[in-house]
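Student: Compact mmCIF, C-alpha atoms, saved as input_34.txt, coming up:
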```txt
# COMPACT_ATOMS: atom_id res chain seq x y z
CA ILE A 1 -44.98 73.05 -14.33
CA VAL A 2 -47.60 74.11 -16.89
CA ASP A 3 -47.44 73.92 -20.68
CA LEU A 4 -48.70 77.06 -22.38
CA LYS A 5 -50.50 75.08 -25.09
CA MET A 6 -52.47 72.00 -23.91
CA PRO A 7 -55.44 70.16 -25.41
CA GLY A 8 -58.74 71.40 -23.95
CA ILE A 9 -57.33 74.20 -21.81
CA ASP A 10 -55.00 77.15 -22.18
CA GLY A 11 -51.93 77.32 -19.93
CA ILE A 12 -52.67 80.95 -19.03
CA GLU A 13 -56.11 79.89 -17.73
CA VAL A 14 -54.46 77.26 -15.53
CA LEU A 15 -52.03 79.90 -14.30
CA LYS A 16 -54.93 82.24 -13.41
CA LYS A 17 -56.64 79.48 -11.40
CA PHE A 18 -53.43 78.69 -9.50
CA SER A 19 -52.97 82.41 -8.75
CA THR A 20 -56.39 82.37 -7.07
CA LEU A 21 -56.29 78.96 -5.36
CA ARG A 22 -52.58 78.80 -4.42
CA PRO A 23 -51.15 82.32 -4.79
CA LYS A 24 -47.80 81.42 -3.17
CA LEU A 25 -47.19 78.31 -5.31
CA PRO A 26 -44.47 79.02 -7.95
CA VAL A 27 -45.48 78.04 -11.49
CA ILE A 28 -43.10 77.42 -14.40
CA ILE A 29 -44.54 77.99 -17.86
CA VAL A 30 -43.27 75.69 -20.61
CA THR A 31 -43.81 76.57 -24.28
CA ALA A 32 -42.49 76.04 -27.74
CA TYR A 33 -43.69 79.50 -28.72
CA ALA A 34 -40.93 81.75 -27.43
CA THR A 35 -42.10 85.31 -27.85
CA ILE A 36 -41.77 88.38 -25.68
CA ASP A 37 -45.56 88.78 -25.66
CA THR A 38 -46.24 85.31 -24.25
CA ALA A 39 -43.51 85.78 -21.62
CA VAL A 40 -44.98 89.11 -20.51
CA ILE A 41 -48.51 87.65 -20.32
CA ALA A 42 -47.30 84.64 -18.32
CA MET A 43 -45.32 86.75 -15.86
CA LYS A 44 -48.19 89.21 -15.47
CA HIS A 45 -50.43 86.34 -14.34
CA GLY A 46 -47.95 85.14 -11.74
CA ALA A 47 -45.55 82.76 -13.50
CA ALA A 48 -42.34 82.38 -11.51
CA ASP A 49 -40.24 81.41 -14.55
CA TYR A 50 -40.42 80.62 -18.23
CA ILE A 51 -38.70 77.80 -20.16
CA VAL A 52 -38.66 77.06 -23.88
CA LYS A 53 -39.05 73.63 -25.50
CA PRO A 54 -37.10 71.61 -26.31
CA PHE A 55 -35.17 71.50 -23.02
CA ASN A 56 -33.07 68.87 -21.27
CA PRO A 57 -33.80 67.55 -17.74
CA GLU A 58 -30.75 69.33 -16.29
CA GLU A 59 -32.02 72.69 -17.51
CA ILE A 60 -35.43 72.36 -15.86
CA SER A 61 -33.78 70.91 -12.73
CA VAL A 62 -31.72 74.10 -12.37
CA VAL A 63 -34.83 76.27 -12.73
CA ILE A 64 -36.72 74.23 -10.12
CA GLY A 65 -33.72 74.34 -7.77
CA LYS A 66 -33.57 78.14 -8.00
CA LEU A 67 -37.29 78.44 -7.23
CA ILE A 68 -37.02 76.08 -4.24
CA GLU A 69 -34.11 78.15 -2.88
CA HIS A 70 -36.10 81.34 -3.52
CA GLN A 71 -39.07 79.94 -1.56
CA ARG A 72 -36.75 78.89 1.27
CA LEU A 73 -35.33 82.40 1.49
CA ILE A 74 -38.82 83.92 1.52
CA LYS A 75 -39.88 81.63 4.39
CA GLU A 76 -36.66 82.38 6.28
CA ASN A 77 -37.22 86.11 5.76
CA VAL A 78 -40.80 85.83 7.10
CA ARG A 79 -39.58 83.78 10.09
CA LEU A 80 -36.88 86.35 10.94
CA ARG A 81 -39.38 89.22 10.58
CA GLN A 82 -41.80 87.44 12.92
CA GLN A 83 -39.02 86.88 15.46
CA LEU A 84 -38.06 90.56 15.33
CA SER A 85 -41.72 91.58 15.59
CA LYS A 86 -42.19 89.45 18.71
CA ARG A 87 -38.96 90.66 20.25
CA PHE A 88 -39.77 94.34 19.78
CA ARG A 89 -43.55 94.07 20.17
CA PHE A 90 -45.47 95.05 23.28
CA GLN A 91 -49.18 94.27 23.02
CA ASP A 92 -50.02 95.96 19.66
CA LEU A 93 -47.18 98.49 19.95
CA ILE A 94 -43.92 98.04 18.03
CA GLY A 95 -40.54 99.63 18.67
CA LYS A 96 -36.94 99.01 19.68
CA SER A 97 -35.93 102.63 20.30
CA ASN A 98 -35.04 103.86 23.78
CA LYS A 99 -38.05 106.18 23.77
CA MET A 100 -40.48 103.34 23.07
CA SER A 101 -38.76 101.11 25.63
CA THR A 102 -39.50 103.85 28.18
CA VAL A 103 -43.16 103.88 27.10
CA PHE A 104 -43.37 100.08 27.43
CA GLU A 105 -41.86 100.22 30.92
CA MET A 106 -44.34 102.92 32.00
CA ILE A 107 -47.24 100.78 30.72
CA ARG A 108 -46.02 97.80 32.76
CA THR A 109 -45.66 100.02 35.85
CA VAL A 110 -49.06 101.74 35.76
CA ALA A 111 -51.24 98.93 34.36
CA PRO A 112 -51.75 97.03 37.68
CA THR A 113 -52.80 100.22 39.52
CA LYS A 114 -56.11 102.14 39.61
CA SER A 115 -54.43 105.46 38.84
CA THR A 116 -55.80 107.85 36.22
CA VAL A 117 -53.41 108.18 33.26
CA LEU A 118 -52.91 111.09 30.86
CA LEU A 119 -51.40 110.19 27.46
CA ARG A 120 -49.73 113.03 25.61
CA GLY A 121 -48.47 113.03 22.04
CA GLU A 122 -49.10 114.19 18.51
CA SER A 123 -51.92 112.86 16.37
CA GLY A 124 -51.17 109.37 15.06
CA THR A 125 -48.58 108.39 17.69
CA GLY A 126 -50.69 105.48 19.02
CA LYS A 127 -52.32 106.87 22.15
CA GLU A 128 -55.35 104.58 21.88
CA LEU A 129 -53.06 101.53 21.48
CA VAL A 130 -51.26 102.52 24.69
CA ALA A 131 -54.60 102.94 26.49
CA ARG A 132 -55.71 99.47 25.33
CA ALA A 133 -52.37 97.98 26.41
CA ILE A 134 -52.79 99.44 29.92
CA HIS A 135 -56.32 98.01 30.09
CA GLU A 136 -55.28 94.55 28.81
CA LEU A 137 -52.51 94.31 31.42
CA SER A 138 -54.70 95.54 34.27
CA PRO A 139 -56.94 93.59 36.68
CA ARG A 140 -59.88 95.08 34.72
CA HIS A 141 -58.96 93.35 31.45
CA ARG A 142 -62.03 91.05 31.51
CA ASN A 143 -64.33 94.08 31.73
CA PRO A 144 -65.18 96.69 29.07
CA PHE A 145 -62.74 99.07 27.41
CA ILE A 146 -64.92 101.96 26.19
CA THR A 147 -63.70 104.77 23.95
CA ALA A 148 -65.17 108.27 23.71
CA ALA A 149 -63.81 110.38 20.84
CA CYS A 150 -64.39 113.75 22.50
CA GLY A 151 -63.21 115.82 19.53
CA ALA A 152 -65.46 114.09 17.01
CA MET A 153 -68.84 115.04 18.57
CA PRO A 154 -70.67 118.30 19.24
CA GLU A 155 -71.13 119.18 22.92
CA SER A 156 -74.78 118.10 23.24
CA LEU A 157 -74.16 114.74 21.59
CA LEU A 158 -70.98 114.14 23.61
CA GLU A 159 -72.84 114.73 26.91
CA ALA A 160 -75.59 112.32 25.86
CA GLU A 161 -73.03 109.72 24.80
CA LEU A 162 -70.97 110.04 27.97
CA PHE A 163 -73.65 110.36 30.64
CA GLY A 164 -76.69 108.80 28.98
CA TYR A 165 -80.22 110.18 29.32
CA GLU A 166 -83.65 109.42 30.71
CA LYS A 167 -86.74 108.90 28.60
CA GLY A 168 -88.22 112.29 27.68
CA ALA A 169 -85.08 114.22 28.66
CA PHE A 170 -85.16 116.01 25.30
CA THR A 171 -86.89 115.78 21.94
CA GLY A 172 -86.15 112.38 20.47
CA ALA A 173 -85.30 110.70 23.80
CA VAL A 174 -87.99 108.03 23.43
CA GLU A 175 -86.33 105.62 25.88
CA GLN A 176 -83.65 105.51 28.56
CA HIS A 177 -80.13 105.37 27.14
CA LYS A 178 -77.00 104.20 28.95
CA GLY A 179 -73.94 106.42 28.47
CA ARG A 180 -70.40 105.25 27.95
CA ILE A 181 -69.46 105.99 31.56
CA GLU A 182 -72.12 103.58 32.76
CA ILE A 183 -71.23 100.94 30.15
CA ALA A 184 -67.57 101.13 31.26
CA ASP A 185 -68.46 100.23 34.87
CA ARG A 186 -65.71 98.01 36.39
CA GLY A 187 -63.68 98.57 33.24
CA THR A 188 -61.72 101.39 31.58
CA LEU A 189 -63.02 104.60 29.97
CA PHE A 190 -60.71 106.12 27.36
CA LEU A 191 -61.35 109.84 26.77
CA ASP A 192 -59.63 110.65 23.49
CA GLU A 193 -58.89 114.30 22.62
CA ILE A 194 -59.83 115.50 26.11
CA GLY A 195 -58.58 118.99 25.20
CA ASP A 196 -61.59 119.43 22.89
CA VAL A 197 -64.17 119.02 25.68
CA SER A 198 -66.25 122.12 26.54
CA LEU A 199 -65.98 123.75 29.97
CA LYS A 200 -69.55 122.64 30.80
CA THR A 201 -68.75 118.98 30.09
CA GLN A 202 -65.45 119.34 31.97
CA VAL A 203 -67.42 120.17 35.15
CA ASN A 204 -69.45 116.97 34.82
CA LEU A 205 -66.35 114.88 34.15
CA LEU A 206 -64.68 116.36 37.21
CA ARG A 207 -67.56 115.08 39.32
CA VAL A 208 -67.10 111.58 37.90
CA LEU A 209 -63.41 111.64 38.81
CA GLN A 210 -63.94 113.15 42.26
CA GLU A 211 -67.10 111.43 43.46
CA ARG A 212 -67.09 108.33 41.23
CA GLU A 213 -70.71 109.01 40.31
CA PHE A 214 -72.67 110.54 37.42
CA ARG A 215 -76.20 111.63 36.58
CA ARG A 216 -77.99 110.91 33.33
CA ILE A 217 -79.36 113.89 31.38
CA GLY A 218 -82.88 114.45 32.72
CA GLY A 219 -82.17 112.25 35.75
CA LYS A 220 -82.88 113.18 39.38
CA THR A 221 -80.53 110.76 41.13
CA SER A 222 -76.83 109.99 40.80
CA THR A 223 -75.41 106.56 40.02
CA LYS A 224 -72.15 105.24 41.49
CA VAL A 225 -69.62 103.90 39.00
CA ASP A 226 -66.30 102.05 39.26
CA ILE A 227 -64.17 103.04 36.27
CA ARG A 228 -60.56 103.73 35.50
CA VAL A 229 -60.11 106.82 33.34
CA ILE A 230 -57.37 107.14 30.73
CA ALA A 231 -57.36 110.46 28.84
CA ALA A 232 -55.36 111.51 25.78
CA THR A 233 -54.53 114.82 24.17
CA ASN A 234 -52.32 116.34 21.49
CA LYS A 235 -52.81 119.84 22.95
CA ASN A 236 -50.90 121.95 25.44
CA LEU A 237 -53.30 121.73 28.39
CA GLU A 238 -51.14 124.04 30.53
CA GLU A 239 -51.49 126.79 27.93
CA MET A 240 -55.24 126.09 27.69
CA ILE A 241 -55.50 126.58 31.48
CA ARG A 242 -53.77 129.96 31.15
CA GLN A 243 -56.27 130.88 28.42
CA ASN A 244 -59.18 129.70 30.64
CA ASP A 245 -60.09 127.00 28.09
CA PHE A 246 -59.39 124.06 30.42
CA ARG A 247 -60.18 123.63 34.10
CA GLU A 248 -57.13 123.45 36.33
CA ASP A 249 -58.86 121.15 38.85
CA LEU A 250 -59.78 118.67 36.11
CA TYR A 251 -56.22 118.82 34.78
CA TYR A 252 -54.80 117.76 38.15
CA ARG A 253 -57.35 114.94 38.43
CA LEU A 254 -56.32 113.64 35.00
CA ASN A 255 -52.60 114.25 35.31
CA VAL A 256 -51.89 111.67 38.04
CA ILE A 257 -49.55 109.70 35.77
CA THR A 258 -48.38 111.05 32.41
CA ILE A 259 -47.00 109.00 29.53
CA GLU A 260 -45.39 110.97 26.70
CA LEU A 261 -45.56 109.30 23.28
CA PRO A 262 -42.70 110.29 20.96
CA PRO A 263 -43.41 111.38 17.37
CA LEU A 264 -42.15 109.00 14.70
CA ARG A 265 -39.49 111.48 13.54
CA GLU A 266 -37.82 111.06 16.96
CA ARG A 267 -37.64 107.25 16.73
CA LYS A 268 -36.68 106.61 13.13
CA GLU A 269 -34.89 103.38 14.06
CA ASP A 270 -38.39 101.90 14.55
CA ILE A 271 -39.49 102.65 10.97
CA PRO A 272 -38.15 99.41 9.33
CA LEU A 273 -39.87 97.30 12.02
CA LEU A 274 -43.13 99.16 11.54
CA VAL A 275 -42.91 98.97 7.74
CA HIS A 276 -42.48 95.18 7.75
CA HIS A 277 -45.28 94.81 10.29
CA PHE A 278 -47.65 96.88 8.14
CA LEU A 279 -46.47 95.05 5.01
CA ASP A 280 -47.52 91.69 6.48
CA LYS A 281 -50.79 93.15 7.76
CA VAL A 282 -51.78 94.80 4.47
CA ASN A 283 -50.82 91.70 2.48
CA LEU A 284 -53.40 89.77 4.50
CA ASP A 285 -56.01 92.51 4.26
CA VAL A 286 -55.84 92.99 0.48
CA GLY A 287 -54.83 89.46 -0.56
CA LYS A 288 -51.44 90.33 -2.05
CA LYS A 289 -48.02 88.70 -1.57
CA ILE A 290 -45.50 91.54 -1.54
CA GLU A 291 -42.38 89.92 -0.06
CA THR A 292 -40.17 92.86 0.89
CA ILE A 293 -39.21 96.48 0.21
CA THR A 294 -36.18 97.80 -1.66
CA GLU A 295 -33.44 99.73 0.14
CA GLU A 296 -34.22 102.83 -1.93
CA ALA A 297 -37.90 102.79 -0.93
CA MET A 298 -37.05 102.17 2.74
CA GLU A 299 -34.56 105.06 2.64
CA LYS A 300 -37.32 107.41 1.50
CA LEU A 301 -39.56 106.25 4.36
CA ILE A 302 -36.77 106.73 6.91
CA ASN A 303 -35.81 110.20 5.62
CA TYR A 304 -39.37 111.56 5.78
CA ASP A 305 -40.49 113.38 8.94
CA TRP A 306 -44.03 111.88 9.17
CA PRO A 307 -46.20 114.74 10.48
CA GLY A 308 -49.07 112.23 10.76
CA ASN A 309 -46.78 109.77 12.59
CA VAL A 310 -47.41 105.99 12.67
CA ARG A 311 -50.93 106.32 11.26
CA GLN A 312 -49.56 108.12 8.19
CA LEU A 313 -46.80 105.52 7.76
CA GLU A 314 -49.38 102.72 7.82
CA ASN A 315 -51.43 104.54 5.16
CA ALA A 316 -48.31 104.98 3.01
CA VAL A 317 -47.45 101.26 3.20
CA GLU A 318 -51.05 100.32 2.35
CA HIS A 319 -50.95 102.66 -0.67
CA ALA A 320 -47.66 101.11 -1.83
CA VAL A 321 -48.88 97.51 -1.45
CA VAL A 322 -52.12 98.19 -3.33
CA VAL A 323 -50.42 99.83 -6.35
CA ALA A 324 -47.29 97.61 -6.44
CA LYS A 325 -46.83 95.61 -9.64
CA GLU A 326 -43.88 93.50 -8.45
CA SER A 327 -43.17 91.22 -5.47
CA ARG A 328 -41.31 93.99 -3.64
CA LEU A 329 -42.13 97.60 -2.90
CA MET A 330 -40.31 100.08 -5.12
CA PRO A 331 -39.87 103.86 -4.68
CA ARG A 332 -42.42 104.43 -7.45
CA ASP A 333 -45.07 102.60 -5.38
CA LEU A 334 -44.90 105.15 -2.55
CA PRO A 335 -47.42 108.05 -2.28
CA GLY A 336 -46.66 111.17 -4.33
CA TYR A 337 -45.49 113.26 -1.39
CA LEU A 338 -42.60 110.80 -0.84
CA GLN A 339 -41.31 110.78 -4.40
CA ASN A 340 -38.90 113.70 -3.94
CA ILE A 341 -37.65 112.60 -0.52
CA GLY A 342 -33.93 111.83 -0.41
CA PRO A 343 -31.09 111.76 2.12
CA GLY A 344 -30.70 114.73 4.45
CA VAL A 345 -32.52 118.03 4.40
CA PRO A 346 -34.41 119.49 1.42
CA SER A 347 -32.27 120.92 -1.37
CA ALA A 348 -31.25 124.55 -1.01
CA ASN A 349 -32.60 125.08 -4.52
CA VAL A 350 -36.18 124.14 -3.54
CA PRO A 351 -38.34 127.27 -2.96
CA LEU A 352 -39.82 127.67 0.53
CA ARG A 353 -43.35 127.81 -0.95
CA GLN A 354 -42.82 124.39 -2.54
CA ILE A 355 -41.60 122.88 0.74
CA GLU A 356 -44.61 124.36 2.60
CA LYS A 357 -47.02 123.12 -0.08
CA GLN A 358 -45.65 119.56 0.11
CA HIS A 359 -45.75 119.60 3.92
CA ILE A 360 -49.34 120.86 4.08
CA ARG A 361 -50.46 118.22 1.55
CA ALA A 362 -48.72 115.48 3.55
CA VAL A 363 -50.40 116.55 6.80
CA LEU A 364 -53.82 116.75 5.12
CA GLU A 365 -53.42 113.29 3.55
CA ALA A 366 -52.17 111.81 6.83
CA ASN A 367 -55.34 113.05 8.56
CA ASN A 368 -57.75 112.19 5.73
CA TRP A 369 -58.21 115.93 5.06
CA HIS A 370 -59.62 116.55 8.54
CA ILE A 371 -59.17 120.34 8.65
CA LYS A 372 -59.28 120.80 12.44
CA LYS A 373 -56.70 118.08 13.14
CA SER A 374 -54.43 119.17 10.29
CA ALA A 375 -54.50 122.81 11.40
CA ALA A 376 -53.59 121.76 14.96
CA ILE A 377 -50.59 119.73 13.73
CA LEU A 378 -49.43 122.59 11.48
CA GLY A 379 -49.81 125.10 14.31
CA ILE A 380 -52.18 127.38 12.40
CA ASN A 381 -55.91 128.11 12.64
CA ARG A 382 -58.50 126.64 10.28
CA VAL A 383 -59.04 129.90 8.34
CA THR A 384 -55.31 130.13 7.58
CA LEU A 385 -55.26 126.48 6.48
CA TYR A 386 -58.25 127.01 4.17
CA ASN A 387 -56.48 130.04 2.66
CA LYS A 388 -53.28 128.05 2.05
CA ILE A 389 -55.25 125.17 0.48
CA LYS A 390 -56.84 127.69 -1.88
CA ALA A 391 -53.54 129.47 -2.59
CA TYR A 392 -51.69 126.23 -3.37
CA ARG A 393 -54.71 124.77 -5.22
CA LEU A 394 -54.59 121.61 -3.15
CA LYS A 395 -57.30 119.03 -3.80
CA LYS A 396 -58.16 115.76 -2.11
CA ASP A 397 -57.31 112.75 -4.28
CA LYS A 398 -60.32 110.75 -5.38
```
Please lay out the structure from this file as structure tokens.
Tutor:
Amino acid sequence: IVDLKMPGIDGIEVLKKFSTLRPKLPVIIVTAYATIDTAVIAMKHGAADYIVKPFNPEEISVVIGKLIEHQRLIKENVRLRQQLSKRFRFQDLIGKSNKMSTVFEMIRTVAPTKSTVLLRGESGTGKELVARAIHELSPRHRNPFITAACGAMPESLLEAELFGYEKGAFTGAVEQHKGRIEIADRGTLFLDEIGDVSLKTQVNLLRVLQEREFRRIGGKTSTKVDIRVIAATNKNLEEMIRQNDFREDLYYRLNVITIELPPLRERKEDIPLLVHHFLDKVNLDVGKKIETITEEAMEKLINYDWPGNVRQLENAVEHAVVVAKESRLMPRDLPGYLQNIGPGVPSANVPLRQIEKQHIRAVLEANNWHIKKSAAILGINRVTLYNKIKAYRLKKDK
């Protein structure tokens, strides 16, 4: 309980210090100067309530009682959320839907084996989290888990990163360099976006899978390696084989066990769980204390189709937490592309161009304006996407 006017120090200054040192501690401001301005200032700096002098003991007792009950409800809400999170959490994956239960069961089944696994699903569905879960539950869990983002590197750099190189193998190779395959020895190698690998690199990867050996760039001898390979793709590899863009023999080496990851739009019952999980996570990351989310805001999140899947949902929650002015997330706190989302399908009065524009913007924002990934999700080529960005005058937010 802090008086607004005290000798030697201002009550607002005390309130600011408490907001920094004990952000979850409720503070009641007491003042004889009852104005709207002072109330607004006090509340803006974190005051839980506001009481005017003179007051009787019963009055302040009621205020304190309400705050204690409010704190109890907050703690109970957090406890229940944590219980739900544990109940429907598998490693770092969250879900209670039948489709995610099937994924969890497949992870448990394949983890103890040495089998190569192919993870299939749209961008943002959590393929790397599944790969890590398989590794953590496997006998190799004490050894390295090494990731190679195949779609993020040009061919020459990817080969050097995967296979390593000898000193003098090419200009700039001033010393021997271990590749990720070698570093992953006795552990797990995760090949993300395997569908983006060139045919030349595919041949070398096939040798690793068949012979369990590799050769550094510029090397004369092969090195044996004991790795488990988990690959992931958001592409139709069968179609790529028909187009001669992916080797059939490599496909069969990778496709020993397949795990299909469902898009978020096909497991909407998991959205509230994910939202509360991300809410707690972002609160910790940015130092805020958003307690919950309104039904209206949650409805918008559930009714959206999430082309960028779980990754886009996490970004949306982070955006909302950062801009929120109250202790709960409101519809106005959500990113712009969610503002017009309501129950059911889009209104029949909304022009098709407007729907397409909103959808393209959402996909671009979900993928941090990565043109290649966004075009793949939208099912168009990069030139078409560039043309649509220009036609709709879309710009990346600063």
Student: Need to verify the contact set: Arg328 of chain A, 9 Å, all atoms listed in the file, exclusion of same-chain residues closer than 2 positions in sequence. Can you return it as a ChimeraX atom specification?
Tutor: /A:289-294,321,324-326,330
Student: Using only C-alpha atoms, give me every residue within 10 Å of (-60.0, 109.1, 26.5) in file coordinates, as number ranges by chain.
Tutor: A: 117-119, 127-128, 131, 146-150, 188-194, 229-233
Student: Select, from A:Gly95, A:Gly121, A:Gly195, A:Gly218, the residue with the minimum atom-to-atom distance to Glu269 of chain A, counting only C-alpha atoms.
Tutor: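 Closest to Glu269 of chain A of all the choices is A:Gly95.
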Student: To one decimal in Å, tell me the separation between atom CA of Ile134 of chain A and atom CA of Leu162 of chain A.
Tutor: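 A separation of 21.1 Å between them.
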Student: For Leu385 of chain A, which residue among A:Arg142, A:Arg361, A:His319, A:Lys200 is the nearest when counting only C-alpha atoms?
Tutor: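 Looking only at the distances to Leu385 of chain A, the closest residue turns out to be A:Arg361.
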Student: Would you list the contacts of Ala184 of chain A as a PyMOL selection string, taking every protein, DNA or RNA residue within 9 Å and counting all atoms listed in the file, but skipping same-chain residues closer than 3 positions in sequence?
Tutor: chain A and resi 143-146+179-181+187-189+225-228
Student: Once you have the residues from the selection above, write them out as a compact mmCIF listing (two decimals), in the coordinates of the input, restricted to C-alpha atoms.
Tutor:
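This is the output file again.txt:
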```txt
# COMPACT_ATOMS: atom_id res chain seq x y z
CA ASN A 143 -64.33 94.08 31.73
CA PRO A 144 -65.18 96.69 29.07
CA PHE A 145 -62.74 99.07 27.41
CA ILE A 146 -64.92 101.96 26.19
CA GLY A 179 -73.94 106.42 28.47
CA ARG A 180 -70.40 105.25 27.95
CA ILE A 181 -69.46 105.99 31.56
CA GLY A 187 -63.68 98.57 33.24
CA THR A 188 -61.72 101.39 31.58
CA LEU A 189 -63.02 104.60 29.97
CA VAL A 225 -69.62 103.90 39.00
CA ASP A 226 -66.30 102.05 39.26
CA ILE A 227 -64.17 103.04 36.27
CA ARG A 228 -60.56 103.73 35.50
```
Student: Rounded to one decimal place, report the atom CA of His276 of chain A-atom CA of Leu129 of chain A distance in Å.
Tutor: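 Distance reported for this atom pair: 18.5 Å.
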Student: Which residue, A:Leu334, A:Val208, A:Val197, A:Val323, has the smallest gap to Val286 of chain A when you use only C-alpha atoms?
Tutor: A:Val323
Student: Provide the atom CA of Gly124 of chain A to atom CA of Gly287 of chain A distance in Å, to one decimal place.
Tutor: 25.6 Å
Student: Could you tell me which of A:Arg132, A:Lys96, A:His177, A:Arg253 comes closest to Arg216 of chain A if we count all atoms listed in the file?
Tutor: A:His177
Student: Return the single residue from A:Met6, A:Val63, A:Leu205, A:Ile12 that is closest to Leu158 of chain A, with distances computed using all atoms listed in the file.
Tutor: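 Among the listed residues, A:Leu205 lies closest to Leu158 of chain A.
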Student: Applying 8 Å and all atoms listed in the file, which residues near segment 395-397 of chain A remain after dropping the ones on its own chain fewer than 6 positions away? List them as a list in words.
Tutor: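 Neighbouring residues, sequence-local ones excluded: Glu365, Trp369 and Ile389 of chain A.
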Student: Identify, on the basis of all atoms listed in the file, every residue whose closest approach to Arg207 of chain A does not exceed 12 Å; exclude the query and any residue fewer than 6 positions from it along the same chain; express the result as a short mmCIF file (atom, residue, chain, number, x, y, z; two decimals) with C-alpha atoms, in the frame of the given file.
Tutor:
```cif
data_model
loop_
_atom_site.label_atom_id
_atom_site.label_comp_id
_atom_site.auth_asym_id
_atom_site.auth_seq_id
_atom_site.Cartn_x
_atom_site.Cartn_y
_atom_site.Cartn_z
CA PHE A 163 -73.65 110.36 30.64
CA LYS A 200 -69.55 122.64 30.80
CA THR A 201 -68.75 118.98 30.09
CA GLU A 213 -70.71 109.01 40.31
CA PHE A 214 -72.67 110.54 37.42
CA ARG A 215 -76.20 111.63 36.58
CA SER A 222 -76.83 109.99 40.80
CA THR A 223 -75.41 106.56 40.02
CA LYS A 224 -72.15 105.24 41.49
CA VAL A 225 -69.62 103.90 39.00
CA ASP A 249 -58.86 121.15 38.85
CA LEU A 250 -59.78 118.67 36.11
CA ARG A 253 -57.35 114.94 38.43
#
```
Student: Between A:Glu161, A:Asn381, A:Glu136, A:Ala320, which is the closest to Ile183 of chain A once you count all atoms listed in the file?
Tutor: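 The closest residue to Ile183 of chain A is A:Glu161.
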